[in-house]
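query05.cif follows; it contains mmCIF, C-alpha atoms.
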data_target
#
loop_
_atom_site.label_atom_id
_atom_site.label_comp_id
_atom_site.auth_asym_id
_atom_site.auth_seq_id
_atom_site.Cartn_x
_atom_site.Cartn_y
_atom_site.Cartn_z
CA MET C 1 356.44 -21.74 -19.48
CA HIS C 2 356.62 -25.06 -17.70
CA GLN C 3 353.96 -23.85 -15.26
CA GLY C 4 351.63 -22.96 -18.14
CA ARG C 5 351.94 -26.38 -19.79
CA SER C 6 351.71 -28.57 -16.68
CA ILE C 7 348.62 -30.74 -16.17
CA HIS C 8 346.45 -28.89 -13.67
CA TRP C 9 344.09 -30.91 -11.47
CA PRO C 10 340.83 -29.63 -13.08
CA ILE C 11 341.95 -31.10 -16.40
CA LEU C 12 342.00 -34.55 -14.78
CA LEU C 13 338.87 -34.04 -12.65
CA ILE C 14 336.53 -32.89 -15.43
CA PRO C 15 336.63 -36.13 -17.50
CA VAL C 16 336.39 -38.29 -14.35
CA VAL C 17 333.29 -36.42 -13.18
CA ALA C 18 331.81 -36.54 -16.69
CA LEU C 19 332.24 -40.32 -16.90
CA ALA C 20 330.67 -40.80 -13.47
CA LEU C 21 327.66 -38.63 -14.34
CA THR C 22 327.20 -40.29 -17.71
CA GLY C 23 327.30 -43.70 -16.02
CA LEU C 24 324.67 -42.66 -13.51
CA GLY C 25 322.54 -41.27 -16.30
CA PHE C 26 322.81 -44.53 -18.19
CA THR C 27 321.53 -46.46 -15.16
CA GLY C 28 318.59 -44.05 -14.91
CA ILE C 29 317.73 -44.42 -18.60
CA GLN C 30 318.05 -48.19 -18.29
CA ARG C 31 315.72 -48.14 -15.29
CA GLY C 32 313.24 -46.09 -17.32
CA ASP C 33 313.40 -48.66 -20.13
CA GLU C 34 312.65 -51.37 -17.59
CA LEU C 35 309.65 -49.56 -16.12
CA VAL C 36 308.05 -48.93 -19.53
CA GLY C 37 308.84 -52.34 -20.93
CA SER C 38 312.11 -51.35 -22.64
CA SER C 39 312.05 -49.22 -25.75
CA GLY C 40 315.82 -49.41 -26.12
CA LEU C 41 316.75 -45.82 -25.30
CA ALA C 42 319.63 -47.03 -23.14
CA THR C 43 321.14 -48.77 -26.17
CA ARG C 44 320.78 -45.63 -28.26
CA GLN C 45 322.38 -43.59 -25.50
CA VAL C 46 325.48 -45.80 -25.71
CA PHE C 47 325.72 -44.89 -29.38
CA TRP C 48 325.51 -41.17 -28.59
CA MET C 49 328.10 -41.59 -25.84
CA GLY C 50 330.48 -42.88 -28.48
CA ILE C 51 329.73 -39.96 -30.81
CA ALA C 52 330.20 -37.46 -27.98
CA LEU C 53 333.51 -39.06 -27.02
CA ILE C 54 334.79 -38.96 -30.61
CA ALA C 55 333.65 -35.35 -31.12
CA GLY C 56 335.24 -34.25 -27.85
CA THR C 57 338.52 -36.03 -28.58
CA VAL C 58 338.79 -34.48 -32.04
CA SER C 59 338.05 -31.00 -30.67
CA LEU C 60 340.88 -31.35 -28.16
CA MET C 61 343.37 -31.52 -31.00
CA VAL C 62 342.47 -28.02 -32.26
CA PRO C 63 343.67 -25.01 -30.21
CA TYR C 64 340.52 -23.33 -28.94
CA ARG C 65 341.73 -19.84 -29.96
CA LEU C 66 341.10 -20.78 -33.59
CA LEU C 67 337.39 -20.82 -32.77
CA LYS C 68 337.39 -17.03 -32.47
CA ASP C 69 337.29 -16.68 -36.24
CA TRP C 70 334.30 -19.01 -36.48
CA ALA C 71 332.30 -17.66 -33.54
CA TYR C 72 330.09 -15.18 -35.39
CA PRO C 73 329.43 -17.43 -38.43
CA ALA C 74 328.50 -20.26 -36.05
CA LEU C 75 325.93 -18.08 -34.30
CA ILE C 76 324.43 -16.97 -37.62
CA VAL C 77 324.14 -20.59 -38.80
CA SER C 78 322.53 -21.63 -35.51
CA VAL C 79 319.94 -18.86 -35.80
CA VAL C 80 319.15 -20.00 -39.34
CA LEU C 81 318.65 -23.53 -38.01
CA LEU C 82 316.36 -22.19 -35.26
CA VAL C 83 314.20 -20.68 -38.00
CA ALA C 84 314.38 -23.88 -40.06
CA VAL C 85 312.67 -25.93 -37.31
CA TYR C 86 309.39 -24.17 -38.13
CA PHE C 87 309.39 -25.81 -41.56
CA PHE C 88 309.33 -29.30 -40.03
CA PRO C 89 306.25 -31.00 -38.56
CA PRO C 90 305.80 -30.61 -34.79
CA ARG C 91 306.46 -33.42 -32.33
CA ASN C 92 304.35 -33.51 -29.17
CA GLY C 93 303.20 -29.99 -29.92
CA SER C 94 306.72 -28.53 -30.26
CA ARG C 95 308.92 -27.62 -33.20
CA ARG C 96 312.39 -28.26 -31.79
CA TRP C 97 313.95 -30.76 -34.17
CA ILE C 98 315.19 -30.97 -37.75
CA SER C 99 314.70 -34.45 -39.14
CA LEU C 100 317.84 -35.86 -40.76
CA GLY C 101 316.60 -39.31 -41.57
CA ALA C 102 318.00 -41.71 -38.99
CA PHE C 103 318.23 -39.06 -36.26
CA ASN C 104 316.92 -35.65 -35.32
CA LEU C 105 318.99 -32.50 -34.81
CA GLN C 106 318.00 -30.07 -32.05
CA PRO C 107 319.36 -26.65 -33.15
CA SER C 108 318.83 -25.06 -29.72
CA GLU C 109 321.59 -27.29 -28.32
CA LEU C 110 324.06 -26.16 -30.98
CA THR C 111 322.99 -22.56 -30.36
CA LYS C 112 324.20 -22.81 -26.76
CA LEU C 113 327.75 -23.45 -27.92
CA ALA C 114 327.67 -20.90 -30.75
CA TYR C 115 326.22 -18.25 -28.43
CA ILE C 116 328.96 -18.67 -25.82
CA LEU C 117 331.69 -18.47 -28.46
CA ALA C 118 330.18 -15.40 -30.15
CA MET C 119 329.54 -13.57 -26.89
CA SER C 120 333.09 -14.31 -25.72
CA ARG C 121 334.47 -13.06 -29.03
CA TYR C 122 332.58 -9.79 -28.64
CA LEU C 123 333.25 -9.17 -24.94
CA MET C 124 336.99 -9.85 -25.14
CA PHE C 125 337.40 -6.25 -26.29
CA GLN C 126 337.24 -3.88 -23.34
CA LYS C 127 335.54 -1.05 -25.22
CA HIS C 128 332.48 -3.21 -25.89
CA HIS C 129 331.24 -3.62 -22.35
CA ARG C 130 332.25 -0.44 -20.53
CA THR C 131 329.51 1.70 -22.07
CA ILE C 132 325.75 1.42 -22.41
CA ARG C 133 326.10 1.52 -26.19
CA GLY C 134 328.51 -1.40 -26.08
CA LEU C 135 325.95 -3.48 -24.17
CA ILE C 136 323.20 -3.10 -26.76
CA LEU C 137 324.57 -5.74 -29.14
CA PRO C 138 325.02 -8.45 -26.44
CA PHE C 139 321.38 -8.07 -25.47
CA VAL C 140 320.30 -8.22 -29.12
CA MET C 141 322.50 -11.29 -29.64
CA THR C 142 320.73 -12.87 -26.67
CA ALA C 143 317.19 -11.81 -27.52
CA ILE C 144 317.16 -13.33 -31.02
CA PRO C 145 317.82 -16.98 -30.04
CA VAL C 146 315.80 -16.63 -26.83
CA LEU C 147 312.66 -15.50 -28.67
CA LEU C 148 313.05 -18.11 -31.40
CA ILE C 149 313.48 -20.93 -28.87
CA LEU C 150 310.64 -19.61 -26.72
CA ARG C 151 308.27 -19.87 -29.68
CA GLU C 152 309.13 -23.55 -30.36
CA PRO C 153 307.95 -23.60 -27.49
CA ASP C 154 310.90 -24.41 -25.20
CA LEU C 155 310.81 -22.26 -22.08
CA GLY C 156 313.58 -24.17 -20.31
CA THR C 157 316.25 -23.81 -22.98
CA SER C 158 315.36 -20.17 -23.66
CA ILE C 159 315.95 -19.03 -20.09
CA VAL C 160 319.45 -20.52 -19.71
CA PHE C 161 320.90 -17.84 -22.01
CA ILE C 162 320.11 -15.05 -19.55
CA PRO C 163 322.40 -16.20 -16.69
CA VAL C 164 325.16 -16.90 -19.21
CA LEU C 165 324.91 -13.34 -20.53
CA MET C 166 325.01 -11.79 -17.05
CA VAL C 167 327.95 -13.91 -15.88
CA GLN C 168 329.97 -13.24 -19.03
CA LEU C 169 329.33 -9.51 -18.71
CA PHE C 170 330.46 -9.67 -15.08
CA VAL C 171 333.60 -11.63 -15.94
CA ALA C 172 334.34 -9.22 -18.78
CA GLY C 173 334.27 -6.33 -16.31
CA ALA C 174 331.02 -4.58 -17.14
CA ARG C 175 330.15 -1.75 -14.79
CA GLY C 176 328.03 -2.75 -11.82
CA ARG C 177 325.46 -0.03 -12.39
CA HIS C 178 324.97 -1.21 -15.96
CA LEU C 179 324.38 -4.79 -14.81
CA LEU C 180 321.94 -3.58 -12.15
CA ALA C 181 320.09 -1.54 -14.75
CA ALA C 182 319.87 -4.60 -16.99
CA ILE C 183 318.39 -6.66 -14.15
CA VAL C 184 315.82 -3.95 -13.37
CA ILE C 185 314.85 -3.70 -17.04
CA GLY C 186 314.53 -7.50 -17.16
CA VAL C 187 312.16 -7.48 -14.20
CA LEU C 188 310.08 -4.70 -15.75
CA LEU C 189 309.85 -6.65 -19.01
CA ALA C 190 308.62 -9.81 -17.25
CA PRO C 191 304.95 -9.02 -18.10
CA VAL C 192 305.96 -8.80 -21.78
CA LEU C 193 307.59 -12.23 -21.55
CA TRP C 194 304.46 -13.60 -19.90
CA SER C 195 302.31 -12.21 -22.71
CA VAL C 196 304.28 -14.08 -25.42
CA MET C 197 304.32 -17.38 -23.54
CA SER C 198 301.99 -20.12 -24.74
CA LEU C 199 299.08 -21.35 -22.63
CA GLU C 200 301.00 -24.55 -21.91
CA GLN C 201 304.02 -22.59 -20.65
CA LYS C 202 301.83 -20.42 -18.44
CA SER C 203 300.14 -23.53 -17.07
CA ARG C 204 303.48 -25.00 -16.07
CA VAL C 205 304.36 -21.83 -14.17
CA THR C 206 301.06 -21.65 -12.32
CA SER C 207 301.17 -25.37 -11.45
CA VAL C 208 304.13 -24.69 -9.14
CA PHE C 209 301.88 -22.54 -6.95
CA LEU C 210 298.95 -25.01 -7.06
CA GLN C 211 300.83 -28.19 -6.17
CA SER C 212 299.82 -30.38 -3.25
CA ASP C 213 301.40 -33.37 -1.54
CA GLY C 214 299.63 -36.62 -0.76
CA GLY C 215 296.20 -37.69 -1.90
CA SER C 216 295.41 -38.73 -5.46
CA PRO C 217 297.47 -37.66 -8.47
CA GLN C 218 296.67 -34.27 -9.94
CA THR C 219 295.68 -33.73 -13.54
CA GLY C 220 297.29 -31.77 -16.35
CA ASP C 221 300.72 -30.28 -15.72
CA GLY C 222 300.30 -30.96 -12.01
CA TYR C 223 300.43 -34.70 -12.72
CA HIS C 224 304.03 -34.58 -13.93
CA LEU C 225 305.16 -32.76 -10.81
CA TRP C 226 303.12 -34.99 -8.50
CA GLN C 227 304.50 -38.15 -10.09
CA ALA C 228 308.08 -36.83 -10.08
CA LYS C 229 307.99 -36.28 -6.33
CA GLN C 230 306.32 -39.66 -5.90
CA MET C 231 309.21 -41.38 -7.68
CA LEU C 232 311.78 -39.63 -5.51
CA ALA C 233 309.87 -40.64 -2.39
CA LEU C 234 309.69 -44.28 -3.50
CA GLY C 235 313.49 -44.39 -3.65
CA GLY C 236 313.91 -43.76 0.05
CA PRO C 237 317.46 -43.42 1.42
CA TRP C 238 319.12 -46.16 -0.69
CA GLY C 239 316.78 -46.83 -3.62
CA SER C 240 315.08 -49.86 -5.12
CA TYR C 241 318.38 -51.36 -6.25
CA TYR C 242 319.23 -52.18 -2.63
CA ASP C 243 315.89 -52.09 -0.80
CA GLY C 244 313.56 -53.36 -3.53
CA MET C 245 310.36 -51.77 -4.77
CA PRO C 246 308.16 -50.77 -1.80
CA VAL C 247 304.97 -50.51 -3.89
CA ASP C 248 303.48 -53.24 -6.11
CA ASP C 249 301.22 -50.86 -8.04
CA PRO C 250 302.76 -50.26 -11.52
CA SER C 251 300.94 -46.93 -11.84
CA ALA C 252 303.06 -45.55 -9.02
CA TYR C 253 306.14 -45.90 -11.25
CA ARG C 254 304.74 -44.17 -14.31
CA LEU C 255 306.78 -41.08 -15.09
CA PRO C 256 306.23 -39.18 -18.37
CA ALA C 257 309.52 -38.08 -19.96
CA GLY C 258 311.33 -40.02 -17.25
CA ARG C 259 314.37 -40.86 -19.37
CA THR C 260 314.76 -37.30 -20.66
CA ASP C 261 313.55 -34.39 -18.53
CA PHE C 262 312.98 -36.38 -15.33
CA VAL C 263 315.93 -38.78 -15.32
CA PHE C 264 316.94 -37.28 -11.95
CA CYS C 265 313.80 -38.89 -10.48
CA LEU C 266 314.67 -42.29 -11.97
CA ILE C 267 318.11 -42.08 -10.37
CA GLY C 268 316.45 -41.16 -7.09
CA GLU C 269 314.09 -44.13 -7.35
CA GLN C 270 316.90 -46.58 -8.18
CA TRP C 271 319.70 -45.22 -5.98
CA GLY C 272 317.73 -43.30 -3.38
CA LEU C 273 318.63 -40.08 -1.64
CA MET C 274 322.31 -41.05 -1.72
CA GLY C 275 322.17 -41.28 -5.50
CA THR C 276 320.63 -37.83 -5.96
CA LEU C 277 323.08 -36.28 -3.51
CA GLY C 278 325.88 -37.99 -5.41
CA VAL C 279 324.72 -36.39 -8.65
CA LEU C 280 324.66 -32.94 -7.06
CA ALA C 281 328.08 -33.50 -5.48
CA LEU C 282 329.58 -34.48 -8.84
CA PHE C 283 328.17 -31.38 -10.51
CA ALA C 284 329.56 -29.27 -7.65
CA LEU C 285 333.00 -30.77 -8.34
CA PHE C 286 332.60 -30.01 -12.03
CA SER C 287 331.68 -26.40 -11.23
CA LEU C 288 334.74 -26.03 -9.02
CA ALA C 289 337.03 -27.49 -11.68
CA GLY C 290 335.53 -25.37 -14.45
CA LEU C 291 335.89 -22.16 -12.46
CA GLN C 292 339.50 -23.06 -11.74
CA VAL C 293 340.11 -23.37 -15.48
CA ALA C 294 338.52 -19.95 -16.02
CA ALA C 295 340.52 -18.33 -13.22
CA ARG C 296 343.80 -19.81 -14.38
CA THR C 297 343.74 -18.77 -18.03
CA ARG C 298 345.32 -15.45 -19.04
CA ASP C 299 343.52 -15.36 -22.38
CA PRO C 300 340.38 -13.14 -22.35
CA PHE C 301 338.54 -15.28 -24.90
CA GLY C 302 339.36 -18.50 -23.02
CA ARG C 303 338.26 -17.14 -19.66
CA LEU C 304 334.96 -15.89 -21.01
CA VAL C 305 334.25 -19.17 -22.79
CA ALA C 306 335.06 -21.21 -19.67
CA ALA C 307 332.84 -19.03 -17.47
CA GLY C 308 330.02 -19.28 -20.00
CA ILE C 309 330.24 -23.07 -20.21
CA VAL C 310 330.18 -23.53 -16.43
CA THR C 311 327.23 -21.14 -16.12
CA MET C 312 325.30 -22.80 -18.94
CA ILE C 313 325.69 -26.32 -17.54
CA MET C 314 325.07 -25.40 -13.90
CA THR C 315 322.00 -23.34 -14.80
CA GLN C 316 320.56 -26.41 -16.52
CA VAL C 317 321.36 -28.52 -13.48
CA LEU C 318 319.72 -26.09 -11.05
CA VAL C 319 316.60 -25.61 -13.18
CA ASN C 320 316.17 -29.32 -13.94
CA THR C 321 316.63 -30.57 -10.38
CA ALA C 322 314.50 -27.74 -8.97
CA MET C 323 311.58 -28.57 -11.24
CA THR C 324 311.60 -32.23 -10.16
CA VAL C 325 310.92 -31.25 -6.54
CA GLY C 326 308.44 -28.46 -7.28
CA LEU C 327 310.74 -25.47 -6.73
CA ALA C 328 310.58 -24.37 -10.38
CA PRO C 329 308.17 -24.77 -13.31
CA ILE C 330 308.44 -27.87 -15.48
CA THR C 331 310.34 -26.52 -18.44
CA GLY C 332 311.40 -29.53 -20.50
CA LEU C 333 315.08 -28.82 -19.81
CA THR C 334 317.35 -31.86 -19.85
CA LEU C 335 319.92 -32.73 -17.19
CA PRO C 336 323.39 -32.52 -18.81
CA LEU C 337 325.17 -35.86 -19.29
CA LEU C 338 322.33 -37.79 -17.64
CA SER C 339 319.22 -37.26 -19.77
CA TYR C 340 318.68 -39.23 -22.95
CA GLY C 341 319.28 -37.20 -26.10
CA GLY C 342 321.89 -37.18 -28.84
CA SER C 343 322.14 -33.44 -29.49
CA SER C 344 322.31 -32.64 -25.79
CA LEU C 345 324.95 -35.26 -25.02
CA VAL C 346 327.18 -34.39 -27.98
CA VAL C 347 327.06 -30.64 -27.29
CA THR C 348 327.75 -31.20 -23.59
CA GLY C 349 330.70 -33.38 -24.60
CA LEU C 350 331.99 -30.52 -26.76
CA PHE C 351 331.53 -28.15 -23.82
CA LEU C 352 333.66 -30.35 -21.58
CA ALA C 353 336.30 -30.87 -24.27
CA LEU C 354 336.48 -27.11 -24.78
CA LEU C 355 337.00 -26.59 -21.04
CA ILE C 356 339.85 -29.11 -21.05
CA ASN C 357 341.22 -27.48 -24.20
CA ILE C 358 341.35 -24.12 -22.41
CA GLY C 359 342.92 -25.73 -19.35
CA LEU C 360 345.67 -27.26 -21.48
CA ARG C 361 346.41 -23.89 -23.11
CA PRO C 362 346.01 -21.33 -20.29
CA GLY C 363 347.64 -18.51 -22.26
CA TYR C 364 350.89 -18.07 -20.39
CA ASP C 365 352.51 -17.75 -23.79
CA LEU C 366 350.40 -14.65 -24.47
CA THR C 367 351.36 -12.53 -21.48
CA GLY C 368 353.00 -12.84 -18.10
CA GLN C 369 350.60 -10.27 -16.68
CA PRO C 370 347.30 -11.04 -14.96
CA PHE C 371 344.15 -11.39 -17.05
CA GLN C 372 343.81 -8.45 -19.44
CA PHE C 373 341.53 -7.56 -22.33
CA ASP C 374 342.78 -7.24 -25.88
CA ASP C 375 342.39 -3.46 -25.95
CA ALA C 376 344.32 -3.13 -22.71
CA MET C 377 347.17 -5.30 -24.03
CA ALA C 378 347.29 -3.39 -27.29
CA SER C 379 347.48 -0.09 -25.40
CA SER C 380 350.27 -1.42 -23.18
CA SER C 381 352.27 -2.53 -26.22
CA ALA C 382 351.86 0.86 -27.86
CA HIS C 383 353.15 2.71 -24.79
CA SER C 384 356.13 0.39 -24.37
CA SER C 385 357.19 0.84 -27.98
#
Reformat the file's structure so that it appears as structure tokens.
Amino acid sequence: MHQGRSIHWPILLIPVVALALTGLGFTGIQRGDELVGSSGLATRQVFWMGIALIAGTVSLMVPYRLLKDWAYPALIVSVVLLVAVYFFPPRNGSRRWISLGAFNLQPSELTKLAYILAMSRYLMFQKHHRTIRGLILPFVMTAIPVLLILREPDLGTSIVFIPVLMVQLFVAGARGRHLLAAIVIGVLLAPVLWSVMSLEQKSRVTSVFLQSDGGSPQTGDGYHLWQAKQMLALGGPWGSYYDGMPVDDPSAYRLPAGRTDFVFCLIGEQWGLMGTLGVLALFALFSLAGLQVAARTRDPFGRLVAAGIVTMIMTQVLVNTAMTVGLAPITGLTLPLLSYGGSSLVVTGLFLALLINIGLRPGYDLTGQPFQFDDAMASSSAHSS
């Protein structure tokens, strides 16, 4: 019992890494304010940092296993909110927010958390993932939010659900041939996905294959990518904070959505190559710590939730950083803990608090055996009695 309640190193590492990343993100947002003449987003981000910290602290006080009873209702509510966004006026051509007076709620961020909880609740029973029939509902549960978010349109957020589904199925013990069949079906359905994408989303995909380096800035979606790489190049090895700004032309430092989707480029411009490598190193440490939490817990629900959280966050990191250097389409996906945004920061804070919550309650009080599913434990109890 003492082993199960001891403070394991990931529990200490996760908040340290989170604070470091949030601090770096704040410097990037502050730099973006400076380049555009300061619109005060850095000040607002401090407010959201406080809200995220309070929400995370409160959630630590509640044993995470109690969330099982609320997992399905939470997913239903989040889907309702995803539908509700279509009744609010669009912003910049997208319907992603619900206006609540002083601030805007982004339901897709809440859906990430609800989806992981609901999928973990379903897959914790062994009978649900060992047959083809048992896999139908997980794919339906995934398709509904994905299609709703895709129509907002928000290509970036919609695609992060797919890796989470596959990883959770793998962790749950789904048969390899079933997972392979799902991947093949996904590839075959790619033309269908392309047909429902908006012209803007298609343009962002094709711009990856039409990009060019050097010369004058491109137009349309190619401009964002061209300017993002320009900002990273201006940072050099150590960034403008140490070496100064190498170019006097203000137009060279114009970066649309710099404080949100492209904050990674602002960090690269201010702190250079060392700053961007530092960000990636910190996320690698987070991934290692999160996977340790997942591996250590004996509770099926806790392990699935931890694996889903790590996959969700790291998928966002990979997609966001890849799009800034032209390796992936520009999707409008924020960089967790670094990009400006209240909904994103608060939900990420809840993710991290939930990981720590699982690490503090690894489930040694449930069973002394290695990780088992609920059906397996129930069967074992029946035989022993």
Restrict the calculation to all atoms listed in the file, then for each residue of segment 107-156 of chain C with any atom at most 12 Å from an atom of segment 350-366 of chain C give the closest atom pair and their distance in Å to one decimal, rows by chain and rising residue number, as a tab-separated table.
residue	atom	partner	partner_atom	distance
C:Glu109	CA	C:Phe351	CA	10.9
C:Leu110	CA	C:Leu350	CA	10.0
C:Lys112	CA	C:Phe351	CA	9.5
C:Leu113	CA	C:Phe351	CA	7.3
C:Ala114	CA	C:Phe351	CA	10.7
C:Ile116	CA	C:Phe351	CA	10.0
C:Leu117	CA	C:Leu354	CA	10.5
Quiz item: So how many Å separate atom CA of Leu165 of chain C and atom CA of Ala71 of chain C, to one decimal?
Solution: 15.6 Å
Residues in the PyMOL selection byres ((chain C and resi 164) around 12), expressed as a compact mmCIF listing (two decimals) with C-alpha atoms, in the frame of the given file:
# COMPACT_ATOMS: atom_id res chain seq x y z
CA LYS C 112 324.20 -22.81 -26.76
CA LEU C 113 327.75 -23.45 -27.92
CA TYR C 115 326.22 -18.25 -28.43
CA ILE C 116 328.96 -18.67 -25.82
CA LEU C 117 331.69 -18.47 -28.46
CA MET C 119 329.54 -13.57 -26.89
CA SER C 120 333.09 -14.31 -25.72
CA PRO C 138 325.02 -8.45 -26.44
CA PHE C 139 321.38 -8.07 -25.47
CA THR C 142 320.73 -12.87 -26.67
CA THR C 157 316.25 -23.81 -22.98
CA SER C 158 315.36 -20.17 -23.66
CA ILE C 159 315.95 -19.03 -20.09
CA VAL C 160 319.45 -20.52 -19.71
CA PHE C 161 320.90 -17.84 -22.01
CA ILE C 162 320.11 -15.05 -19.55
CA PRO C 163 322.40 -16.20 -16.69
CA LEU C 165 324.91 -13.34 -20.53
CA MET C 166 325.01 -11.79 -17.05
CA VAL C 167 327.95 -13.91 -15.88
CA GLN C 168 329.97 -13.24 -19.03
CA LEU C 169 329.33 -9.51 -18.71
CA PHE C 170 330.46 -9.67 -15.08
CA VAL C 171 333.60 -11.63 -15.94
CA ALA C 172 334.34 -9.22 -18.78
CA LEU C 304 334.96 -15.89 -21.01
CA VAL C 305 334.25 -19.17 -22.79
CA ALA C 306 335.06 -21.21 -19.67
CA ALA C 307 332.84 -19.03 -17.47
CA GLY C 308 330.02 -19.28 -20.00
CA ILE C 309 330.24 -23.07 -20.21
CA VAL C 310 330.18 -23.53 -16.43
CA THR C 311 327.23 -21.14 -16.12
CA MET C 312 325.30 -22.80 -18.94
CA ILE C 313 325.69 -26.32 -17.54
CA MET C 314 325.07 -25.40 -13.90
CA THR C 315 322.00 -23.34 -14.80
CA GLN C 316 320.56 -26.41 -16.52
Exercise. Translate the PyMOL selection byres ((chain C and resi 255) around 12), as applied to the file shown, into an explicit residue set as number ranges by chain.
Key: C: 29, 31-33, 35-36, 217, 223-232, 250-254, 256-266, 269, 324
Please save C-alpha atoms of the selected residues as a CSV table (one decimal), in the coordinates of the input.
chain,number,residue,atom,x,y,z
C,29,ILE,CA,317.7,-44.4,-18.6
C,31,ARG,CA,315.7,-48.1,-15.3
C,32,GLY,CA,313.2,-46.1,-17.3
C,33,ASP,CA,313.4,-48.7,-20.1
C,35,LEU,CA,309.6,-49.6,-16.1
C,36,VAL,CA,308.0,-48.9,-19.5
C,217,PRO,CA,297.5,-37.7,-8.5
C,223,TYR,CA,300.4,-34.7,-12.7
C,224,HIS,CA,304.0,-34.6,-13.9
C,225,LEU,CA,305.2,-32.8,-10.8
C,226,TRP,CA,303.1,-35.0,-8.5
C,227,GLN,CA,304.5,-38.2,-10.1
C,228,ALA,CA,308.1,-36.8,-10.1
C,229,LYS,CA,308.0,-36.3,-6.3
C,230,GLN,CA,306.3,-39.7,-5.9
C,231,MET,CA,309.2,-41.4,-7.7
C,232,LEU,CA,311.8,-39.6,-5.5
C,250,PRO,CA,302.8,-50.3,-11.5
C,251,SER,CA,300.9,-46.9,-11.8
C,252,ALA,CA,303.1,-45.6,-9.0
C,253,TYR,CA,306.1,-45.9,-11.2
C,254,ARG,CA,304.7,-44.2,-14.3
C,256,PRO,CA,306.2,-39.2,-18.4
C,257,ALA,CA,309.5,-38.1,-20.0
C,258,GLY,CA,311.3,-40.0,-17.2
C,259,ARG,CA,314.4,-40.9,-19.4
C,260,THR,CA,314.8,-37.3,-20.7
C,261,ASP,CA,313.6,-34.4,-18.5
C,262,PHE,CA,313.0,-36.4,-15.3
C,263,VAL,CA,315.9,-38.8,-15.3
C,264,PHE,CA,316.9,-37.3,-12.0
C,265,CYS,CA,313.8,-38.9,-10.5
C,266,LEU,CA,314.7,-42.3,-12.0
C,269,GLU,CA,314.1,-44.1,-7.4
C,324,THR,CA,311.6,-32.2,-10.2
Could you tell me, as an mmCIF file with C-alpha atoms, keeping the file's coordinate frame, exactly which residues end up selected when the PyMOL selection byres ((chain C and resi 201) around 9) is applied to this structure?
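Below you can see part_37.cif, which holds the result:
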data_model
loop_
_atom_site.group_PDB
_atom_site.id
_atom_site.type_symbol
_atom_site.label_atom_id
_atom_site.label_comp_id
_atom_site.auth_asym_id
_atom_site.auth_seq_id
_atom_site.Cartn_x
_atom_site.Cartn_y
_atom_site.Cartn_z
ATOM 1 C CA PRO C 153 307.950 -23.600 -27.490
ATOM 2 C CA ASP C 154 310.900 -24.410 -25.200
ATOM 3 C CA LEU C 155 310.810 -22.260 -22.080
ATOM 4 C CA MET C 197 304.320 -17.380 -23.540
ATOM 5 C CA SER C 198 301.990 -20.120 -24.740
ATOM 6 C CA LEU C 199 299.080 -21.350 -22.630
ATOM 7 C CA GLU C 200 301.000 -24.550 -21.910
ATOM 8 C CA LYS C 202 301.830 -20.420 -18.440
ATOM 9 C CA SER C 203 300.140 -23.530 -17.070
ATOM 10 C CA ARG C 204 303.480 -25.000 -16.070
ATOM 11 C CA VAL C 205 304.360 -21.830 -14.170
ATOM 12 C CA THR C 206 301.060 -21.650 -12.320
ATOM 13 C CA PRO C 329 308.170 -24.770 -13.310
ATOM 14 C CA ILE C 330 308.440 -27.870 -15.480
ATOM 15 C CA THR C 331 310.340 -26.520 -18.440
#
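Between atom CA of Lys68 of chain C and atom CA of Leu291 of chain C there is a distance of 20.7 Å.
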Quiz prompt | Nearest to Phe26 of chain C, chosen from C:Gly134, C:Gly40, C:Gly272, C:Gly326, with all atoms listed in the file counted in the distances | solution = C:Gly40
Missing atoms in segment 299-307 of chain C: can you complete it with N, CA and C atoms, as a CSV table (one decimal), in the coordinates of the input?
chain,number,residue,atom,x,y,z
C,299,ASP,N,344.1,-15.8,-21.1
C,299,ASP,CA,343.5,-15.4,-22.4
C,299,ASP,C,342.1,-14.9,-22.2
C,300,PRO,N,341.7,-13.7,-22.6
C,300,PRO,CA,340.4,-13.1,-22.4
C,300,PRO,C,339.3,-14.0,-23.0
C,301,PHE,N,339.5,-14.4,-24.2
C,301,PHE,CA,338.5,-15.3,-24.9
C,301,PHE,C,338.4,-16.6,-24.1
C,302,GLY,N,339.4,-17.2,-23.7
C,302,GLY,CA,339.4,-18.5,-23.0
C,302,GLY,C,338.6,-18.4,-21.7
C,303,ARG,N,338.9,-17.3,-21.0
C,303,ARG,CA,338.3,-17.1,-19.7
C,303,ARG,C,336.8,-16.9,-19.8
C,304,LEU,N,336.4,-16.1,-20.8
C,304,LEU,CA,335.0,-15.9,-21.0
C,304,LEU,C,334.2,-17.2,-21.5
C,305,VAL,N,334.9,-17.9,-22.3
C,305,VAL,CA,334.2,-19.2,-22.8
C,305,VAL,C,334.1,-20.1,-21.6
C,306,ALA,N,335.1,-20.3,-20.8
C,306,ALA,CA,335.1,-21.2,-19.7
C,306,ALA,C,334.0,-20.8,-18.7
C,307,ALA,N,333.9,-19.5,-18.4
C,307,ALA,CA,332.8,-19.0,-17.5
C,307,ALA,C,331.5,-19.3,-18.1
